Structures are given as structure tokens and as C-alpha cells.
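A quick write-up on the structure given underneath.
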Amino acid sequence: MDTLSDKKKRRSKKDSEGRSYTCECGKSYLSYQALYTHKRTKHTEAIKLEDLPKKKRGRPKGIRSIHNDYDPCLPLGDNPLARKVHQWKDTENIESCDEAFAGFLIENSKTLSKKEYKQLAYSVIHLRECINLNYIELRDPSCENIEENYTSKKKPMLIPKISNIYILNYLPNSKYEFDKESEVNFMLQFFDWLLKKNYTDLEVSIVS
């Protein structure tokens, strides 16, 4: 029975058993890697592209999903929109501004970074508040004596009318730190989304 030390002994160079990798110069080796090492040191100029050892392919790198892993409800805090987002189901039947806001947030949460989405959520919250404070400017005859928030009961058909009030009056008088250009871009993006979804037929015109 071979001892452990016997197993660790190097094989003799004269032992030809199992040496199936042979160089053009006549020397043979137990593995292709050993043969390649010999060629690299003794016959460098004779090495061909096909002589290079094949690299093992590792596991393919994962592809990042378009869906982000953050909770789109968190930046909304205790705002009623958080519940709308949490309960959101894709539907063509948008019954209120709040449902439109929720759909817009959900759709954008799939592509925006956590930081970008947080900023978008803040803009949506403030636009919602602006609408509920100034809904009378929408001249909606169906809500003269509305007792609840306009955005929770009324469809978003008329809200593009509030755009200039939001940019020129609401934001400058709020404690919210904002960048005017970013807010204008947000408004244009949101109202364009409403148009494409057929939630409104009004085009926005923002006075800068």
C-alpha cells in the first residue's frame, strides 16, 4: 500500500505513462497546461493562437432589472397618496387625481433612482396640495361646495389649468426649497403623461 509520501513523489521524466501531450521537439507532458508552459519558455516564436489555453467561462453577470428595489411608498410618508400607491392596480379607469398621481409615481419608480424618485414624490405631494388649496381656479362647476380634497374625488381632466399658479404662486410662498426649472420640467412631464393616457385633453402653457 502506498504511503502518503509515496503519493507526493514527483513522477520521473522518463515515465511515459499518461503523457499524451507531446511537443514537436519530442517531449511529452501529462497536461496541456504543462505542454503550453514548455512551449512558452522553449518555443515562444512557434506558439500559434490556437495553442493558447482556453479560459473557463464563468457564470454570466446578472442583468439589473428595470424595476428598482426601493419602496415607492416611503417618500410619501403619511400623505394619502402613500395608500393609493400601496393599493395600486393597473387600470384604465382612473377615478380621481390621486389615482392619476399614484399611477404616475408607480410608473416612474420603475426607472428612476431612489434619489430621483424621492424628488419626484415631493413634487407630486406639493402639486397635490396646491390643487386642493386652489381648486376653485379650475372653475369646475361640480365642486362648488366640495367637502373633501378635490384630488381625492375629482378626475384629473382640469388640473393642467393649475400649472402657473403652482409655479408662480404656490412654490414661491411655500417653505419647500425648490428649483424652478426642475419643477417646470416635472409639470411638463406629468401633464404630457396625462395627455398620453387620455386623462386630460388640455395642453399646458407655463409662464416662466
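Order determines the names: the first chain of the C-alpha cells is A, the second B, and so forth; residues in each chain are numbered 1 upward, and ligands are numbered 1 upward as they are shown.
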
Would you mind listing what lies within 8 Å of Phe101 in chain A as a list in words, with only C-alpha atoms counted and same-chain residues fewer than 4 positions away left out? Leu81, Cys97, Leu105 and Val124 of chain A

Need the shell around Lys114 in chain A: protein/DNA/RNA residues with any atom at most 12 Å away, counting only C-alpha atoms. Skip same-chain ones fewer than 6 positions apart. Format as an mmCIF file with N, CA and C atoms, in the first residue's frame?
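Once everything was written out, this is selection10.cif:
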data_model
loop_
_atom_site.group_PDB
_atom_site.id
_atom_site.type_symbol
_atom_site.label_atom_id
_atom_site.label_comp_id
_atom_site.auth_asym_id
_atom_site.auth_seq_id
_atom_site.Cartn_x
_atom_site.Cartn_y
_atom_site.Cartn_z
ATOM 1 N N HIS A 67 -36.896 47.206 -12.781
ATOM 2 C CA HIS A 67 -37.673 47.502 -11.581
ATOM 3 C C HIS A 67 -36.723 47.693 -10.401
ATOM 4 N N ASN A 68 -36.812 48.842 -9.743
ATOM 5 C CA ASN A 68 -35.942 49.122 -8.614
ATOM 6 C C ASN A 68 -36.450 48.427 -7.356
ATOM 7 N N ASP A 69 -35.553 48.323 -6.358
ATOM 8 C CA ASP A 69 -35.897 47.550 -5.170
ATOM 9 C C ASP A 69 -36.305 48.412 -3.983
ATOM 10 N N TYR A 70 -36.543 49.711 -4.184
ATOM 11 C CA TYR A 70 -36.983 50.538 -3.063
ATOM 12 C C TYR A 70 -38.515 50.576 -3.005
ATOM 13 N N ASP A 71 -39.031 50.942 -1.842
ATOM 14 C CA ASP A 71 -40.477 51.016 -1.642
ATOM 15 C C ASP A 71 -40.962 52.399 -2.081
ATOM 16 N N PRO A 72 -41.778 52.495 -3.135
ATOM 17 C CA PRO A 72 -42.225 53.806 -3.620
ATOM 18 C C PRO A 72 -43.159 54.531 -2.658
ATOM 19 N N CYS A 73 -43.602 53.846 -1.609
ATOM 20 C CA CYS A 73 -44.483 54.495 -0.632
ATOM 21 C C CYS A 73 -43.703 55.333 0.385
ATOM 22 N N LEU A 74 -42.461 54.948 0.666
ATOM 23 C CA LEU A 74 -41.714 55.564 1.762
ATOM 24 C C LEU A 74 -41.561 57.083 1.657
ATOM 25 N N PRO A 75 -41.162 57.636 0.496
ATOM 26 C CA PRO A 75 -41.003 59.098 0.431
ATOM 27 C C PRO A 75 -42.311 59.862 0.622
ATOM 28 N N ASN A 108 -42.944 55.723 -12.798
ATOM 29 C CA ASN A 108 -41.610 56.320 -12.747
ATOM 30 C C ASN A 108 -40.684 55.620 -11.762
ATOM 31 N N LEU A 120 -39.151 63.415 -7.140
ATOM 32 C CA LEU A 120 -40.411 63.398 -7.884
ATOM 33 C C LEU A 120 -41.599 63.289 -6.926
ATOM 34 N N ALA A 121 -41.466 62.440 -5.921
ATOM 35 C CA ALA A 121 -42.548 62.255 -4.948
ATOM 36 C C ALA A 121 -42.849 63.560 -4.217
#

Expressed in Å, the length from CA of Ala102 in chain A to CA of Glu148 in chain A is 18.3 Å

For a quick check of understanding, using only C-alpha atoms, which of A:Thr151, A:Leu168, A:Val204, A:Leu194 has the smallest distance to Lys180 in chain A? A:Leu168

Set the distance at 10 Å and use only C-alpha atoms: which residues neighbour Cys25 in chain A once local chain neighbours fewer than 2 positions away are removed? I'd like the list as an mmCIF file with N, CA and C atoms, in the first residue's frame.
data_model
loop_
_atom_site.group_PDB
_atom_site.id
_atom_site.type_symbol
_atom_site.label_atom_id
_atom_site.label_comp_id
_atom_site.auth_asym_id
_atom_site.auth_seq_id
_atom_site.Cartn_x
_atom_site.Cartn_y
_atom_site.Cartn_z
ATOM 1 N N THR A 22 2.260 15.950 -26.457
ATOM 2 C CA THR A 22 3.626 15.894 -26.975
ATOM 3 C C THR A 22 3.966 17.127 -27.800
ATOM 4 N N CYS A 23 5.148 17.648 -27.563
ATOM 5 C CA CYS A 23 5.642 18.805 -28.305
ATOM 6 C C CYS A 23 6.324 18.338 -29.589
ATOM 7 N N LYS A 27 9.278 16.124 -26.568
ATOM 8 C CA LYS A 27 8.980 16.000 -25.144
ATOM 9 C C LYS A 27 7.474 15.866 -24.936
ATOM 10 N N SER A 28 7.101 15.051 -23.952
ATOM 11 C CA SER A 28 5.680 14.810 -23.681
ATOM 12 C C SER A 28 5.342 15.194 -22.243
ATOM 13 N N LYS A 39 6.200 25.162 -24.197
ATOM 14 C CA LYS A 39 6.284 25.894 -25.464
ATOM 15 C C LYS A 39 6.570 27.373 -25.230
ATOM 16 N N LYS A 42 10.331 27.530 -24.232
ATOM 17 C CA LYS A 42 11.330 26.975 -25.154
ATOM 18 C C LYS A 42 11.070 27.295 -26.626
ATOM 19 N N HIS A 43 9.807 27.490 -26.974
ATOM 20 C CA HIS A 43 9.478 27.687 -28.390
ATOM 21 C C HIS A 43 8.505 28.858 -28.562
#

When distances are computed from only C-alpha atoms, which of A:Asn132, A:Ser152, A:His126, A:Thr111 shows the smallest separation from Lys175 in chain A?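 Using only C-alpha atoms, the shortest distance to Lys175 in chain A belongs to A:His126.
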